[in-house]
$ cat input.cif   # mmCIF, C-alpha atoms
data_entry
#
loop_
_atom_site.label_atom_id
_atom_site.label_comp_id
_atom_site.auth_asym_id
_atom_site.auth_seq_id
_atom_site.Cartn_x
_atom_site.Cartn_y
_atom_site.Cartn_z
CA MET A 1 12.26 33.55 -15.24
CA SER A 2 10.41 30.46 -14.10
CA GLU A 3 7.56 30.18 -16.56
CA PRO A 4 5.83 27.32 -14.70
CA VAL A 5 5.77 29.33 -11.44
CA SER A 6 4.39 32.37 -13.26
CA ALA A 7 1.85 30.15 -15.03
CA ALA A 8 0.69 28.66 -11.72
CA LEU A 9 0.41 32.17 -10.27
CA ALA A 10 -1.67 33.29 -13.26
CA GLY A 11 -3.84 30.20 -12.73
CA GLU A 12 -4.38 31.12 -9.09
CA TYR A 13 -5.37 34.68 -10.06
CA ALA A 14 -7.98 33.24 -12.42
CA VAL A 15 -9.33 30.86 -9.76
CA ILE A 16 -9.57 33.62 -7.16
CA TYR A 17 -11.54 35.66 -9.70
CA ALA A 18 -13.79 32.63 -10.37
CA TYR A 19 -14.51 32.23 -6.65
CA GLY A 20 -15.59 35.86 -6.60
CA ARG A 21 -17.85 35.34 -9.59
CA ALA A 22 -19.32 32.06 -8.34
CA GLY A 23 -19.59 32.96 -4.67
CA GLY A 24 -22.59 35.23 -5.10
CA ARG A 25 -24.48 32.60 -7.12
CA LEU A 26 -24.18 29.75 -4.65
CA THR A 27 -27.34 29.04 -2.71
CA SER A 28 -25.45 27.01 -0.09
CA ASP A 29 -21.86 26.08 0.82
CA GLY A 30 -20.85 29.72 1.18
CA ASP A 31 -18.46 28.66 3.96
CA ARG A 32 -16.81 26.18 1.64
CA ALA A 33 -16.38 28.90 -0.99
CA LEU A 34 -14.84 31.28 1.55
CA ALA A 35 -12.48 28.55 2.77
CA GLY A 36 -11.48 27.74 -0.81
CA LEU A 37 -10.92 31.41 -1.55
CA ALA A 38 -8.69 31.75 1.52
CA GLU A 39 -6.66 28.70 0.47
CA HIS A 40 -6.15 30.06 -3.01
CA ARG A 41 -5.09 33.46 -1.70
CA ALA A 42 -2.50 31.74 0.51
CA THR A 43 -1.34 29.72 -2.47
CA ARG A 44 -1.11 32.85 -4.63
CA ASP A 45 0.97 34.55 -1.95
CA ARG A 46 3.30 31.55 -1.75
CA LEU A 47 3.90 31.55 -5.51
CA ARG A 48 4.51 35.32 -5.53
CA GLN A 49 7.03 34.84 -2.75
CA TRP A 50 8.84 32.12 -4.69
CA LEU A 51 9.27 34.51 -7.62
CA ILE A 52 10.46 37.30 -5.33
CA ASN A 53 12.89 34.93 -3.59
CA ASP A 54 14.20 33.93 -7.02
CA GLY A 55 14.79 37.59 -7.89
CA GLU A 56 11.84 37.89 -10.24
CA GLN A 57 8.96 40.32 -10.44
CA PRO A 58 5.63 38.52 -9.95
CA PRO A 59 3.22 39.29 -12.81
CA PRO A 60 0.04 41.18 -11.80
CA PRO A 61 -3.44 39.68 -12.20
CA ALA A 62 -5.51 40.51 -15.26
CA PRO A 63 -8.40 42.95 -14.67
CA ALA A 64 -10.92 40.20 -15.43
CA TYR A 65 -11.08 36.58 -16.56
CA ALA A 66 -13.68 35.10 -18.91
CA PRO A 67 -15.43 32.15 -17.24
CA PRO A 68 -15.71 29.04 -19.44
CA GLY A 69 -19.52 29.32 -19.42
CA PRO A 70 -22.40 31.37 -18.00
CA VAL A 71 -22.59 31.74 -14.22
CA ASN A 72 -26.25 32.40 -13.64
CA GLY A 73 -27.18 30.08 -10.85
CA ASP A 74 -26.03 27.64 -8.20
CA ARG A 75 -25.45 24.74 -10.61
CA GLN A 76 -23.35 26.82 -12.99
CA ALA A 77 -21.42 28.34 -10.09
CA ARG A 78 -20.48 24.87 -8.83
CA ASP A 79 -19.52 23.74 -12.33
CA LEU A 80 -17.30 26.80 -12.71
CA LEU A 81 -15.50 26.12 -9.44
CA ALA A 82 -15.04 22.42 -10.24
CA THR A 83 -13.68 23.36 -13.67
CA VAL A 84 -11.22 26.00 -12.49
CA GLU A 85 -9.92 23.75 -9.71
CA LEU A 86 -9.21 20.96 -12.18
CA ARG A 87 -7.54 23.43 -14.57
CA LEU A 88 -4.93 24.20 -11.92
CA ILE A 89 -3.79 20.58 -11.74
CA PRO A 90 -1.69 20.53 -14.95
CA LEU A 91 0.01 23.74 -13.79
CA TYR A 92 1.05 22.07 -10.52
CA ALA A 93 2.06 18.90 -12.37
CA GLU A 94 4.39 21.12 -14.38
CA LEU A 95 5.75 22.58 -11.13
CA ILE A 96 6.68 19.08 -9.95
CA SER A 97 9.14 18.91 -12.86
CA ASP A 98 10.17 22.53 -12.68
CA GLN A 99 10.92 22.43 -8.95
CA ALA A 100 12.32 18.88 -8.89
CA ASP A 101 15.58 20.15 -7.38
CA VAL A 102 13.87 22.01 -4.52
CA PRO A 103 12.33 19.26 -2.37
CA ALA A 104 10.12 21.53 -0.24
CA ARG A 105 8.63 23.18 -3.33
CA LYS A 106 8.21 19.85 -5.09
CA VAL A 107 6.31 18.37 -2.12
CA TRP A 108 4.18 21.50 -1.92
CA ALA A 109 3.26 21.17 -5.62
CA ILE A 110 2.32 17.51 -5.08
CA ARG A 111 0.00 18.55 -2.23
CA GLN A 112 -1.58 21.29 -4.34
CA ILE A 113 -2.68 18.66 -6.85
CA ARG A 114 -4.43 16.72 -4.10
CA ASP A 115 -6.04 19.87 -2.65
CA CYS A 116 -7.30 21.03 -6.07
CA ALA A 117 -8.71 17.55 -6.74
CA LEU A 118 -10.49 17.51 -3.37
CA ARG A 119 -11.98 20.96 -3.84
CA ALA A 120 -13.07 20.07 -7.39
CA GLN A 121 -14.74 16.95 -6.02
CA ALA A 122 -16.50 18.99 -3.33
CA TRP A 123 -17.90 21.25 -6.09
CA GLY A 124 -19.23 18.25 -7.95
CA ALA A 125 -16.41 17.07 -10.25
CA ALA A 126 -16.84 13.41 -11.19
CA GLY A 127 -14.26 10.91 -9.96
CA GLN A 128 -11.31 10.29 -12.27
CA ALA A 129 -8.43 7.86 -12.03
CA PHE A 130 -6.19 10.83 -12.86
CA PRO A 131 -7.85 14.11 -11.79
CA TRP A 132 -7.37 16.39 -14.79
CA PRO A 133 -9.38 18.99 -16.71
CA SER A 134 -11.75 17.61 -19.31
CA GLY A 135 -10.51 17.88 -22.88
CA LEU A 136 -6.85 17.50 -21.91
CA THR A 137 -4.84 14.26 -21.71
CA PRO A 138 -3.26 13.45 -18.34
CA PRO A 139 0.39 12.32 -18.29
CA ALA A 140 -0.61 8.79 -17.25
CA MET B 141 42.31 -43.53 -23.25
CA ALA B 142 39.16 -43.12 -25.27
CA ASP B 143 37.13 -44.10 -22.23
CA ARG B 144 39.02 -41.65 -20.09
CA ARG B 145 38.50 -38.82 -22.62
CA GLN B 146 34.82 -39.65 -22.71
CA VAL B 147 34.66 -39.52 -18.92
CA LEU B 148 36.49 -36.18 -18.87
CA ARG B 149 34.25 -34.81 -21.59
CA ALA B 150 31.15 -35.98 -19.75
CA GLY B 151 32.51 -34.34 -16.61
CA MET B 152 33.11 -31.07 -18.43
CA LEU B 153 29.62 -31.14 -19.90
CA ALA B 154 28.23 -31.84 -16.44
CA ALA B 155 30.18 -28.88 -15.08
CA VAL B 156 28.91 -26.66 -17.84
CA ALA B 157 25.39 -27.94 -17.23
CA VAL B 158 25.67 -27.18 -13.51
CA GLY B 159 27.02 -23.73 -14.35
CA VAL B 160 24.13 -23.05 -16.68
CA MET B 161 21.44 -24.44 -14.45
CA PRO B 162 21.15 -21.51 -12.04
CA GLY B 163 20.54 -19.30 -15.05
CA CYS B 164 17.86 -21.65 -16.33
CA ALA B 165 16.29 -21.73 -12.88
CA ALA B 166 16.28 -17.94 -12.72
CA ILE B 167 14.57 -17.75 -16.09
CA ARG B 168 12.04 -20.34 -15.03
CA ASP B 169 11.33 -18.50 -11.76
CA GLU B 170 10.53 -15.31 -13.68
CA PRO B 171 8.45 -16.25 -16.70
CA GLU B 172 7.54 -13.68 -19.35
CA ALA B 173 5.73 -10.53 -18.14
CA THR B 174 5.38 -11.58 -14.51
CA PRO B 175 8.22 -9.94 -12.57
CA THR B 176 7.61 -9.09 -8.93
CA PRO B 177 5.38 -6.01 -8.48
CA ASP B 178 7.04 -3.08 -6.71
CA GLN B 179 5.54 -1.37 -3.66
CA GLN B 180 3.31 1.01 -5.62
CA GLN B 181 2.04 -1.76 -7.89
CA SER B 182 1.46 -4.09 -4.91
CA ASP B 183 -0.63 -1.42 -3.19
CA GLU B 184 -2.89 -1.17 -6.24
CA ILE B 185 -3.19 -4.96 -6.60
CA MET B 186 -4.17 -5.16 -2.93
CA LEU B 187 -6.72 -2.34 -3.26
CA ILE B 188 -8.29 -3.95 -6.33
CA ALA B 189 -8.64 -7.24 -4.45
CA LEU B 190 -10.18 -5.42 -1.47
CA TYR B 191 -12.80 -3.78 -3.70
CA ASP B 192 -13.49 -7.03 -5.54
CA ASP B 193 -14.30 -8.56 -2.16
CA ALA B 194 -16.32 -5.53 -1.02
CA ILE B 195 -18.39 -5.44 -4.24
CA ARG B 196 -19.61 -8.99 -3.68
CA SER B 197 -21.29 -8.19 -0.39
CA ALA B 198 -22.31 -4.54 -0.90
CA GLY B 199 -25.79 -3.24 -1.70
CA PRO B 200 -26.47 -1.76 -5.16
CA ALA B 201 -25.56 1.87 -4.32
CA ALA B 202 -22.31 1.09 -2.54
CA SER B 203 -21.49 -1.57 -5.10
CA ALA B 204 -21.61 0.97 -7.95
CA VAL B 205 -19.24 3.29 -6.08
CA TYR B 206 -16.91 0.42 -5.22
CA GLN B 207 -16.87 -0.72 -8.85
CA ARG B 208 -15.94 2.76 -10.11
CA ILE B 209 -13.18 3.08 -7.54
CA ARG B 210 -11.97 -0.41 -8.34
CA ASP B 211 -11.75 0.50 -12.03
CA GLU B 212 -9.81 3.65 -11.19
CA HIS B 213 -7.31 1.54 -9.26
CA ALA B 214 -7.00 -0.75 -12.27
CA ALA B 215 -6.17 2.37 -14.35
CA HIS B 216 -3.58 3.39 -11.73
CA LEU B 217 -2.03 -0.06 -11.89
CA ARG B 218 -1.76 0.09 -15.69
CA ALA B 219 -0.18 3.55 -15.50
CA LEU B 220 2.35 2.10 -13.06
CA GLY B 221 3.28 -0.48 -15.68
CA TRP B 222 1.40 -3.53 -14.48
CA GLU B 223 -1.53 -5.23 -16.19
CA PRO B 224 -4.37 -6.00 -13.74
CA ALA B 225 -5.24 -9.70 -13.44
CA ALA B 226 -8.45 -10.67 -15.21
CA THR B 227 -9.49 -13.19 -12.58
CA PRO B 228 -10.86 -11.76 -9.33
CA ALA B 229 -9.22 -12.67 -6.05
CA PRO B 230 -10.76 -15.58 -4.13
CA ILE B 231 -13.67 -14.80 -1.83
CA PRO B 232 -12.47 -14.28 1.74
CA SER B 233 -14.38 -15.51 4.77
CA GLU B 234 -15.40 -11.97 5.67
CA PRO B 235 -15.67 -9.01 3.25
CA PRO B 236 -13.70 -5.87 4.12
CA LYS B 237 -15.59 -3.21 6.03
CA ARG B 238 -15.81 0.33 4.70
CA ALA B 239 -13.46 1.54 7.43
CA ALA B 240 -10.83 -0.90 6.16
CA LEU B 241 -11.18 0.53 2.64
CA VAL B 242 -10.82 4.08 3.98
CA LYS B 243 -7.71 3.07 5.89
CA ALA B 244 -6.19 1.36 2.84
CA GLU B 245 -6.90 4.40 0.62
CA ARG B 246 -5.39 6.80 3.15
CA SER B 247 -2.32 4.67 3.53
CA ALA B 248 -1.93 4.33 -0.25
CA ALA B 249 -2.33 8.10 -0.78
CA ARG B 250 0.40 8.79 1.80
CA SER B 251 2.69 6.26 0.21
CA ARG B 252 2.17 7.78 -3.29
CA THR B 253 2.96 11.27 -1.99
CA THR B 254 6.22 10.05 -0.50
CA ALA B 255 7.08 8.09 -3.63
CA ALA B 256 6.31 11.13 -5.82
CA ARG B 257 8.59 13.24 -3.66
CA ASP B 258 11.40 10.70 -3.85
CA SER B 259 11.12 9.92 -7.57
CA ASP B 260 13.88 11.35 -9.77
CA ASP B 261 11.69 10.83 -12.83
CA SER B 262 9.40 13.83 -13.22
CA GLU B 263 6.80 11.98 -15.27
CA ILE B 264 6.53 9.19 -12.69
CA ALA B 265 6.37 11.80 -9.92
CA GLN B 266 3.47 13.49 -11.73
CA ILE B 267 1.61 10.21 -12.19
CA LEU B 268 2.11 9.29 -8.53
CA ALA B 269 0.87 12.74 -7.45
CA LEU B 270 -2.29 12.28 -9.54
CA ILE B 271 -2.83 8.81 -8.09
CA ALA B 272 -2.43 10.26 -4.57
CA ALA B 273 -5.08 12.88 -5.43
CA SER B 274 -7.43 10.22 -6.80
CA GLU B 275 -7.00 8.12 -3.66
CA ALA B 276 -7.67 11.14 -1.47
CA GLN B 277 -10.93 11.57 -3.43
CA HIS B 278 -11.77 7.91 -2.78
CA VAL B 279 -11.60 8.55 0.96
CA VAL B 280 -14.27 11.27 0.54
CA ASP B 281 -16.36 8.98 -1.70
CA LEU B 282 -16.25 6.21 0.90
CA GLU B 283 -17.00 8.50 3.83
CA SER B 284 -20.06 9.94 2.08
CA LEU B 285 -21.56 6.51 1.39
#
$ encode --input "input.cif" --output "structure tokens"
Amino acid sequence: MSEPVSAALAGEYAVIYAYGRAGGRLTSDGDRALAGLAEHRATRDRLRQWLINDGEQPPPPAPAYAPPGPVNGDRQARDLLATVELRLIPLYAELISDQADVPARKVWAIRQIRDCALRAQAWGAAGQAFPWPSGLTPPA
Amino acid sequence: MADRRQVLRAGMLAAVAVGVMPGCAAIRDEPEATPTPDQQQSDEIMLIALYDDAIRSAGPAASAVYQRIRDEHAAHLRALGWEPAATPAPIPSEPPKRAALVKAERSAARSRTTAARDSDDSEIAQILALIAASEAQHVVDLESL
């Protein structure tokens, strides 16, 4: 069982849920939210396929995920999306190690970090030398 | 005979000295803590110099963004094992245009992604991937100025 792949999949489930929660609260950038949601669904499907290809049963999503804070308006919706995007980054950093022997997967994980960082930035995350969730220490 | 021994001895010492000298020269060419930067480190040193030049001629708003990005590159450089120079680069005749900064960031981000892919050290690969992500963000920062 590849724990890091399952962990990344669980992370994607949580982000997809967050997009659903936040989407209705955004007063603009609905297209950006829909595009982000589509990207995360594609990413989720890729990770599920990896597990299936490796002979493992992908874990199902949880019925619901608790957002880190209230999601009552546009500002909080953007903060939620920026937060959940950044929270995926350590999971993909872990995949870089876990999939080091599978070059295509390793490169894909590297690109996911960039894409999460760019989406987080678009939702208002402040610039960081090492894009990473607040409260956690980046590997650098 | 004594003279001859002295000559031989002097010759041997000279030979030893000649043999040692390349080593001394090598040590002198690479003084403490200043080996040659590798490609990733050189990229960061170049980017820092570009921003130092850009900051001097930018207006207040752009200057603040340039300074933040410059400091992030300094953090990248440290993470790559190289201490940023304290003294700024000399002022060039013409400051870099924003498009040149965008181009340099894009090129650096591509180079990091390739280096992360090729690195056998997982921790270095992770750091390079994060630097690539940061540099991709810089492109957006610059384009929205």
$ closest_atom_pairs --input "input.cif" --of "chain B" --to "chain A" --cutoff "8 Å" --atoms "only C-alpha atoms" --output "CSV"
residue,atom,partner,partner_atom,distance
B:Glu212,CA,A:Ala129,CA,4.5
B:His213,CA,A:Ala129,CA,7.0
B:Ala215,CA,A:Ala129,CA,6.4
B:His216,CA,A:Ala129,CA,6.6
B:Ala219,CA,A:Ala140,CA,5.5
B:Thr253,CA,A:Ile110,CA,7.0
B:Ala256,CA,A:Ile110,CA,7.6
B:Arg257,CA,A:Val107,CA,5.8
B:Asp260,CA,A:Ala100,CA,7.7
B:Ser262,CA,A:Ser97,CA,5.1
B:Glu263,CA,A:Pro139,CA,7.1
B:Ala265,CA,A:Ile96,CA,7.3
B:Gln266,CA,A:Ala93,CA,5.6
B:Ile267,CA,A:Ala140,CA,5.7
B:Ala269,CA,A:Ile110,CA,5.5
B:Leu270,CA,A:Phe130,CA,5.3
B:Ile271,CA,A:Phe130,CA,6.2
B:Ala272,CA,A:Arg114,CA,6.8
B:Ala273,CA,A:Arg114,CA,4.1
B:Ser274,CA,A:Ala129,CA,5.8
B:Ala276,CA,A:Arg114,CA,7.0
B:Gln277,CA,A:Leu118,CA,6.0
$ residues_around --input "input.cif" --residues "Pro63 of chain A" --least-positions-apart "3" --cutoff "12 Å" --atoms "only C-alpha atoms" --output "list of chain:residue names"
A:Ala10, A:Tyr13, A:Ala14, A:Tyr17, A:Pro60, A:Ala66
$ atom_distance --input "input.cif" --atom1 "atom CA of Glu85 of chain A" --atom2 "atom CA of Gly24 of chain A"
17.7 Å
$ resolve_selection --input "input.cif" --expression "the PyMOL selection byres ((chain A and resi 32-48) around 10)" --output "MDAnalysis selection string"
chainID A and resid 5:13 15:20 22:24 26 28:31 49:54 56:60 78 81 85 105 108 112 115:116 119 122:123
$ axis_aligned_box --input "input.cif" --around "segment 41-44 of chain A" --padding-each-side "3 Å" --output "lines of an AutoDock Vina configuration file"
center_x = -3.1
center_y = 31.6
center_z = -2.1
size_x = 10.0
size_y = 9.7
size_z = 11.1
$ atom_distance --input "input.cif" --atom1 "atom CA of Ala198 of chain B" --atom2 "atom CA of Leu285 of chain B"
11.3 Å
$ atom_distance --input "input.cif" --atom1 "atom CA of Ser2 of chain A" --atom2 "atom CA of Leu91 of chain A"
12.4 Å
$ closest_residue --input "input.cif" --among "B:Met186, B:Pro224, B:Ala194, B:Gln181" --to "Arg252 of chain B" --atoms "all atoms listed in the file"
B:Gln181
$ resolve_selection --input "input.cif" --expression "the PyMOL selection byres ((chain B and resi 190) around 9)" --output "number ranges by chain"
B: 185-189, 191-195, 210, 229, 235-236, 240-241, 244
$ resolve_selection --input "input.cif" --expression "the PyMOL selection byres ((chain A and resi 74) around 6)" --output "mmCIF file with C-alpha atoms, keeping the file's coordinate frame"
data_model
loop_
_atom_site.group_PDB
_atom_site.id
_atom_site.type_symbol
_atom_site.label_atom_id
_atom_site.label_comp_id
_atom_site.auth_asym_id
_atom_site.auth_seq_id
_atom_site.Cartn_x
_atom_site.Cartn_y
_atom_site.Cartn_z
ATOM 1 C CA ARG A 25 -24.480 32.600 -7.120
ATOM 2 C CA LEU A 26 -24.180 29.750 -4.650
ATOM 3 C CA THR A 27 -27.340 29.040 -2.710
ATOM 4 C CA GLY A 73 -27.180 30.080 -10.850
ATOM 5 C CA ARG A 75 -25.450 24.740 -10.610
ATOM 6 C CA GLN A 76 -23.350 26.820 -12.990
ATOM 7 C CA ALA A 77 -21.420 28.340 -10.090
#
$ residues_near_point --input "input.cif" --point "(2.6, 1.3, -7.3)" --cutoff "8 Å" --atoms "only C-alpha atoms" --output "list in words"
Pro177, Asp178, Gln179, Gln180, Gln181, Ser182, Asp183, Glu184, His216, Leu217, Leu220 and Arg252 of chain B
